[in-house]
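J.: Got a structure for you, written out below as C-alpha cells; questions coming shortly.
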Amino acid sequence: MRLKSSKVNEFRLWGLVLMLAGMGFMIAGTAAIVFKFPGSSIITGIGLVLGLITMLGSMAIYFWAGMLSTSAVQLQCPECGEMTKMLGKTDRCMYCKTILTLDPSQARNS
C-alpha cells in the first residue's frame, strides 16, 4: 500500500521520469562528442532529438496534471485531516495514502 499514490501525484511522477530521461538522452548525446566516439555527430543529433521529444512529453504531462489539479475536488482526509485533491470516483490521500471516495456505493463500512 505504501507504493500507491494519488492520481495527481502519479501524473507528476511520470512527468518527472520523462524529464529526467530527456536530460539523460541529451547528456549521453553530448558525451559522444566529449569522448570522441566514431560518428559522434550522428549520436549527438539522435540524443538531442530524443531528449527534446521526451522533454516536450514531460511538459505536456505537467500541463495536463496542472489542468486536472485545478478542477479536482478538494476534501479533508478523514485519517490525517489534511486537505487533499481527488480525481474520479476513488483516489488516495496525497499525504497518508488512505483510499477516499465520494460514492456511497463504493465506501467500505469499517
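Chain lettering (A, B, ...) mirrors the order of the C-alpha cells, residue numbering begins at 1 for each chain separately, and ligand numbering begins at 1 in order of display.
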Among chain A, which ones does DSSP assign to helix (DSSP H, G or I) (computed from the backbone)? Answer as an NGL selection string.
T.: :A and (7-34 or 40-70)
J.: Could you write out that same residue set with C-alpha atoms as a short mmCIF file (atom, residue, chain, number, x, y, z; two decimals), in the first residue's frame?
T.:
```cif
data_model
loop_
_atom_site.label_atom_id
_atom_site.label_comp_id
_atom_site.auth_asym_id
_atom_site.auth_seq_id
_atom_site.Cartn_x
_atom_site.Cartn_y
_atom_site.Cartn_z
CA LYS A 7 -3.65 10.21 -9.21
CA VAL A 8 -2.35 13.78 -9.41
CA ASN A 9 0.96 12.70 -7.85
CA GLU A 10 1.18 9.77 -10.29
CA PHE A 11 0.89 12.15 -13.26
CA ARG A 12 3.57 14.37 -11.76
CA LEU A 13 5.81 11.35 -11.21
CA TRP A 14 5.60 10.35 -14.88
CA GLY A 15 6.32 13.93 -15.89
CA LEU A 16 9.45 13.86 -13.73
CA VAL A 17 10.54 10.49 -15.14
CA LEU A 18 10.20 11.77 -18.71
CA MET A 19 12.09 14.95 -17.86
CA LEU A 20 14.99 13.01 -16.34
CA ALA A 21 15.02 10.60 -19.30
CA GLY A 22 15.14 13.54 -21.71
CA MET A 23 18.05 15.09 -19.84
CA GLY A 24 19.78 11.69 -19.85
CA PHE A 25 19.39 11.38 -23.63
CA MET A 26 20.78 14.88 -24.10
CA ILE A 27 23.74 14.27 -21.79
CA ALA A 28 24.51 10.93 -23.48
CA GLY A 29 24.39 12.61 -26.87
CA THR A 30 26.72 15.36 -25.75
CA ALA A 31 29.06 12.81 -24.16
CA ALA A 32 29.58 11.29 -27.60
CA ILE A 33 31.32 14.49 -28.69
CA VAL A 34 33.27 14.90 -25.45
CA SER A 40 29.66 11.32 -32.69
CA SER A 41 27.72 13.95 -34.65
CA ILE A 42 25.02 11.40 -35.56
CA ILE A 43 24.86 10.09 -31.98
CA THR A 44 24.65 13.64 -30.66
CA GLY A 45 21.88 14.56 -33.06
CA ILE A 46 19.85 11.48 -32.16
CA GLY A 47 20.39 12.07 -28.44
CA LEU A 48 19.36 15.70 -28.62
CA VAL A 49 16.26 14.98 -30.71
CA LEU A 50 15.15 12.12 -28.41
CA GLY A 51 15.81 14.34 -25.39
CA LEU A 52 13.78 17.15 -26.90
CA ILE A 53 10.85 14.85 -27.65
CA THR A 54 10.80 13.38 -24.13
CA MET A 55 11.14 16.83 -22.54
CA LEU A 56 8.18 18.06 -24.61
CA GLY A 57 6.24 14.98 -23.49
CA SER A 58 7.13 15.82 -19.90
CA MET A 59 5.94 19.39 -20.38
CA ALA A 60 2.64 18.11 -21.81
CA ILE A 61 2.11 15.76 -18.86
CA TYR A 62 2.89 18.51 -16.33
CA PHE A 63 0.46 20.83 -18.11
CA TRP A 64 -2.22 18.13 -18.17
CA ALA A 65 -1.69 17.36 -14.46
CA GLY A 66 -1.98 21.06 -13.67
CA MET A 67 -5.24 21.37 -15.58
CA LEU A 68 -6.63 18.27 -13.85
CA SER A 69 -5.50 19.60 -10.49
CA THR A 70 -7.40 22.86 -10.92
#
```
J.: Using only C-alpha atoms, which residues sit within 12 Å of Gln106 of chain A once same-chain residues fewer than 3 positions away are excluded, as a list in words?
T.: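 Within the cut-off, the hits are Lys89, Thr90, Asp91, Ile99, Leu100, Thr101, Leu102, Asp103 and Asn109 of chain A.
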J.: Quick one: residues within 8 Å of Cys93 of chain A, only C-alpha atoms counted, chain neighbours fewer than 6 positions away excluded, as number ranges by chain?
T.: A: 5-6, 77, 84-86, 99-100
J.: Please identify all polymer residues within 9 Å of Cys80 of chain A, counting only C-alpha atoms, omitting same-chain residues fewer than 4 positions from it, and present them as a PyMOL selection string.
T.: chain A and resi 76+93+95-96+98
J.: Check chain A with DSSP on the backbone and list each residue it calls strand (DSSP E or B), as a ChimeraX atom specification.
T.: /A:73-76,83-86,90-92,99-101
